[in-house]
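Student: Below are the structure tokens for one structure; questions will follow.
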Amino acid sequence: MSGHSKWHSIKHKKGALDAKRGKLFTRLIKEINIAARIGGGDVDGNPRLRTAVAAAKAGNMPKDTIERAIKKGTGEIEGVEYEEITYEGYGPGGVAIYLEATTDNRNRTASEIRSIFTKNGGKIGEPGSVAYMFSKQGMVIIDGEGTSEDAVMEAALEAGAEDVKSDDGSFVVTTDPDSLEGLREALAQKKLNVLSAEVQYIPSTTVAVDGKEAERLMRLLNTLEDQDDVDRLSANFEMSDELMEKLSA
């Protein structure tokens with residue numbers, strides 16, 4: 001298994017800790033806000049907003065908080081205006097890193113992201129320097145408890161998914177990003193426990209890392225992930241499962 005895949009699995013398990021720190025709610029509110037601003041506040045007519053609201057409900061966000069975030073996005077009530085920005089760079093071992101952030105202060109976020117790269121053995125790259133190494137993909141994580149790979153495979157293919165893979169007690173179902181919300185709904189209707197549904201950037205090639213480089217890389221990735229404005233983060237590395245678990249403990 002590539003380190004990239006394992007790292008995303010571990011990040012998902014850390015979701016409860018993010019919620020305790022308030023970071024999960026902050027990120028979900030930003031996504032709801034932007035989805036409503038771009039596509040309107042009608043959940044039924046705005047797939048991106050529908051996905052964001054479903055994620056918020058799964059995270060036990062109060063209904064009034066969700067409604068307030070939607071209204072701020074549509075301008076019905078006054079609120080902070082967010083914008084989406086991307087950053088590209090390199091980590092220890094020459095690992096390519098691509099991330100998306102949502103911010104209300106571009107200069108502050110850029111400064112913090114650059115500082116994190118520099119302090120952890122990485123460097124910011126020019127726009128386009130690594131983006132071509134990643135493809136955008138919709139990804140639904142299904143809890144493997146109480147179901148089988150055959151059942152998930154059948155439901156996923158029936159819903160138009162591209163692929164299904166088993167991953168450490170769960171199933172990863174991939175699809176075209178534009179079909180993500182439809183796939184999530186179809187799998188949920190089949191009574192499968194959808195843990196998350198989000199867009200990820202999948203690397204076309206990977207770089208093997210080990211030893212000190214692996215330690216520095218994981219420190220960089222986890223520090224970037226903990227930065228409040230970072231929404232999505234991907235890196236093209238490979239690492240043994242044993243080392244990944246050790247460095248993520």
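By order in the structure tokens, chains are A, B, ...; within a chain, residues start at 1; ligands start at 1, following the order shown.
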For Glu213 of chain A, please output as a list in words all residues within 10 Å (counting only C-alpha atoms; exclusion window: fewer than 2 positions along the same chain).

Tutor: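 Listed by chain and then number, they are Gly91, Pro92, Gly93, Gly94, Val95, Gly121, Ala208, Val209, Asp210, Gly211, Glu215, Arg216, Leu217, Met218 and Arg219 of chain A.
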
Student: Report as JSON lines: every residue of segment 154-176 of chain A with an atom at most 6 Å from segment 129-150 of chain A, its closest pair of atoms, and their distance in Å to one decimal, counting only C-alpha atoms, with rows sorted by chain and ascending residue number.

Tutor:
```
{"residue": "A:Gly169", "atom": "CA", "partner": "A:Gly144", "partner_atom": "CA", "distance": 5.3}
{"residue": "A:Ser170", "atom": "CA", "partner": "A:Gly144", "partner_atom": "CA", "distance": 4.3}
{"residue": "A:Phe171", "atom": "CA", "partner": "A:Ile142", "partner_atom": "CA", "distance": 5.0}
{"residue": "A:Val172", "atom": "CA", "partner": "A:Ile141", "partner_atom": "CA", "distance": 4.8}
{"residue": "A:Val173", "atom": "CA", "partner": "A:Val140", "partner_atom": "CA", "distance": 5.0}
{"residue": "A:Thr174", "atom": "CA", "partner": "A:Met139", "partner_atom": "CA", "distance": 4.6}
{"residue": "A:Thr175", "atom": "CA", "partner": "A:Gly138", "partner_atom": "CA", "distance": 5.0}
{"residue": "A:Asp176", "atom": "CA", "partner": "A:Gly138", "partner_atom": "CA", "distance": 5.5}
```

Student: Using DSSP on the backbone coordinates, identify the residues of segment 2-248 of chain A assigned to strand (DSSP E or B); present them as a PyMOL selection string.

Tutor: chain A and resi 83-90+96-103+123-124+134-143+163-167+170-175+194-203+207-208+230-235+237-238

Student: Limited to C-alpha atoms, could you put the picked residues into a file as a PDB file, in the first residue's frame?

Tutor:
```pdb
ATOM      1  CA  GLU A  83     -11.723  32.375  -0.992  1.00  0.00           C
ATOM      2  CA  GLU A  84     -10.129  29.146  -2.161  1.00  0.00           C
ATOM      3  CA  ILE A  85      -6.415  29.048  -2.964  1.00  0.00           C
ATOM      4  CA  THR A  86      -3.941  26.306  -3.857  1.00  0.00           C
ATOM      5  CA  TYR A  87      -0.303  25.784  -2.939  1.00  0.00           C
ATOM      6  CA  GLU A  88       2.293  23.498  -4.471  1.00  0.00           C
ATOM      7  CA  GLY A  89       5.640  22.491  -3.083  1.00  0.00           C
ATOM      8  CA  TYR A  90       8.151  19.829  -2.165  1.00  0.00           C
ATOM      9  CA  ALA A  96       5.550  16.560  -4.297  1.00  0.00           C
ATOM     10  CA  ILE A  97       2.841  18.216  -2.171  1.00  0.00           C
ATOM     11  CA  TYR A  98      -0.396  19.773  -3.424  1.00  0.00           C
ATOM     12  CA  LEU A  99      -2.885  21.454  -1.114  1.00  0.00           C
ATOM     13  CA  GLU A 100      -6.062  23.497  -1.171  1.00  0.00           C
ATOM     14  CA  ALA A 101      -6.929  26.068   1.480  1.00  0.00           C
ATOM     15  CA  THR A 102      -9.901  28.290   2.295  1.00  0.00           C
ATOM     16  CA  THR A 103      -9.133  31.643   3.869  1.00  0.00           C
ATOM     17  CA  LYS A 123       9.872  24.490   0.010  1.00  0.00           C
ATOM     18  CA  ILE A 124       7.022  26.207  -1.796  1.00  0.00           C
ATOM     19  CA  PHE A 134      -2.089  14.636  -9.311  1.00  0.00           C
ATOM     20  CA  SER A 135      -5.564  13.797 -10.606  1.00  0.00           C
ATOM     21  CA  LYS A 136      -8.767  14.956  -8.942  1.00  0.00           C
ATOM     22  CA  GLN A 137     -10.988  12.109  -7.764  1.00  0.00           C
ATOM     23  CA  GLY A 138     -14.127  11.637  -5.706  1.00  0.00           C
ATOM     24  CA  MET A 139     -13.595   9.260  -2.785  1.00  0.00           C
ATOM     25  CA  VAL A 140     -16.196   7.654  -0.508  1.00  0.00           C
ATOM     26  CA  ILE A 141     -15.056   5.725   2.590  1.00  0.00           C
ATOM     27  CA  ILE A 142     -17.350   2.893   3.715  1.00  0.00           C
ATOM     28  CA  ASP A 143     -17.144   1.277   7.170  1.00  0.00           C
ATOM     29  CA  ASP A 163     -13.203   1.296  -8.365  1.00  0.00           C
ATOM     30  CA  VAL A 164     -13.459  -0.284  -4.897  1.00  0.00           C
ATOM     31  CA  LYS A 165     -10.510  -1.161  -2.675  1.00  0.00           C
ATOM     32  CA  SER A 166     -10.281  -2.667   0.798  1.00  0.00           C
ATOM     33  CA  ASP A 167      -8.272  -0.517   3.222  1.00  0.00           C
ATOM     34  CA  SER A 170     -12.942  -0.019   5.472  1.00  0.00           C
ATOM     35  CA  PHE A 171     -13.624   0.263   1.736  1.00  0.00           C
ATOM     36  CA  VAL A 172     -12.499   3.101  -0.508  1.00  0.00           C
ATOM     37  CA  VAL A 173     -14.877   3.744  -3.408  1.00  0.00           C
ATOM     38  CA  THR A 174     -13.669   6.115  -6.131  1.00  0.00           C
ATOM     39  CA  THR A 175     -15.549   8.023  -8.801  1.00  0.00           C
ATOM     40  CA  VAL A 194     -20.630   6.135   4.739  1.00  0.00           C
ATOM     41  CA  LEU A 195     -17.803   7.504   6.884  1.00  0.00           C
ATOM     42  CA  SER A 196     -16.807  10.310   4.535  1.00  0.00           C
ATOM     43  CA  ALA A 197     -17.245  11.584   0.980  1.00  0.00           C
ATOM     44  CA  GLU A 198     -14.752  14.079  -0.377  1.00  0.00           C
ATOM     45  CA  VAL A 199     -12.608  15.087  -3.307  1.00  0.00           C
ATOM     46  CA  GLN A 200      -8.962  14.043  -3.105  1.00  0.00           C
ATOM     47  CA  TYR A 201      -5.929  14.487  -5.339  1.00  0.00           C
ATOM     48  CA  ILE A 202      -4.369  11.150  -6.298  1.00  0.00           C
ATOM     49  CA  PRO A 203      -0.692  11.076  -7.354  1.00  0.00           C
ATOM     50  CA  VAL A 207       8.502   8.522  -4.267  1.00  0.00           C
ATOM     51  CA  ALA A 208       9.776   6.042  -1.667  1.00  0.00           C
ATOM     52  CA  VAL A 230      -5.902  23.794   4.870  1.00  0.00           C
ATOM     53  CA  ASP A 231      -8.795  21.726   3.477  1.00  0.00           C
ATOM     54  CA  ARG A 232      -7.197  19.115   1.226  1.00  0.00           C
ATOM     55  CA  LEU A 233      -3.634  17.905   1.135  1.00  0.00           C
ATOM     56  CA  SER A 234      -1.966  15.254  -0.984  1.00  0.00           C
ATOM     57  CA  ALA A 235       1.619  14.007  -1.384  1.00  0.00           C
ATOM     58  CA  PHE A 237       5.096   9.245  -1.368  1.00  0.00           C
ATOM     59  CA  GLU A 238       5.404   5.570  -0.495  1.00  0.00           C
TER      60      GLU A 238
END
```

Student: Just to confirm, what's the straight-line distance from atom CA of Leu49 of chain A to atom CA of Ala35 of chain A in Å (one decimal)?

Tutor: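 Separation between atom CA of Leu49 of chain A and atom CA of Ala35 of chain A: 5.0 Å.
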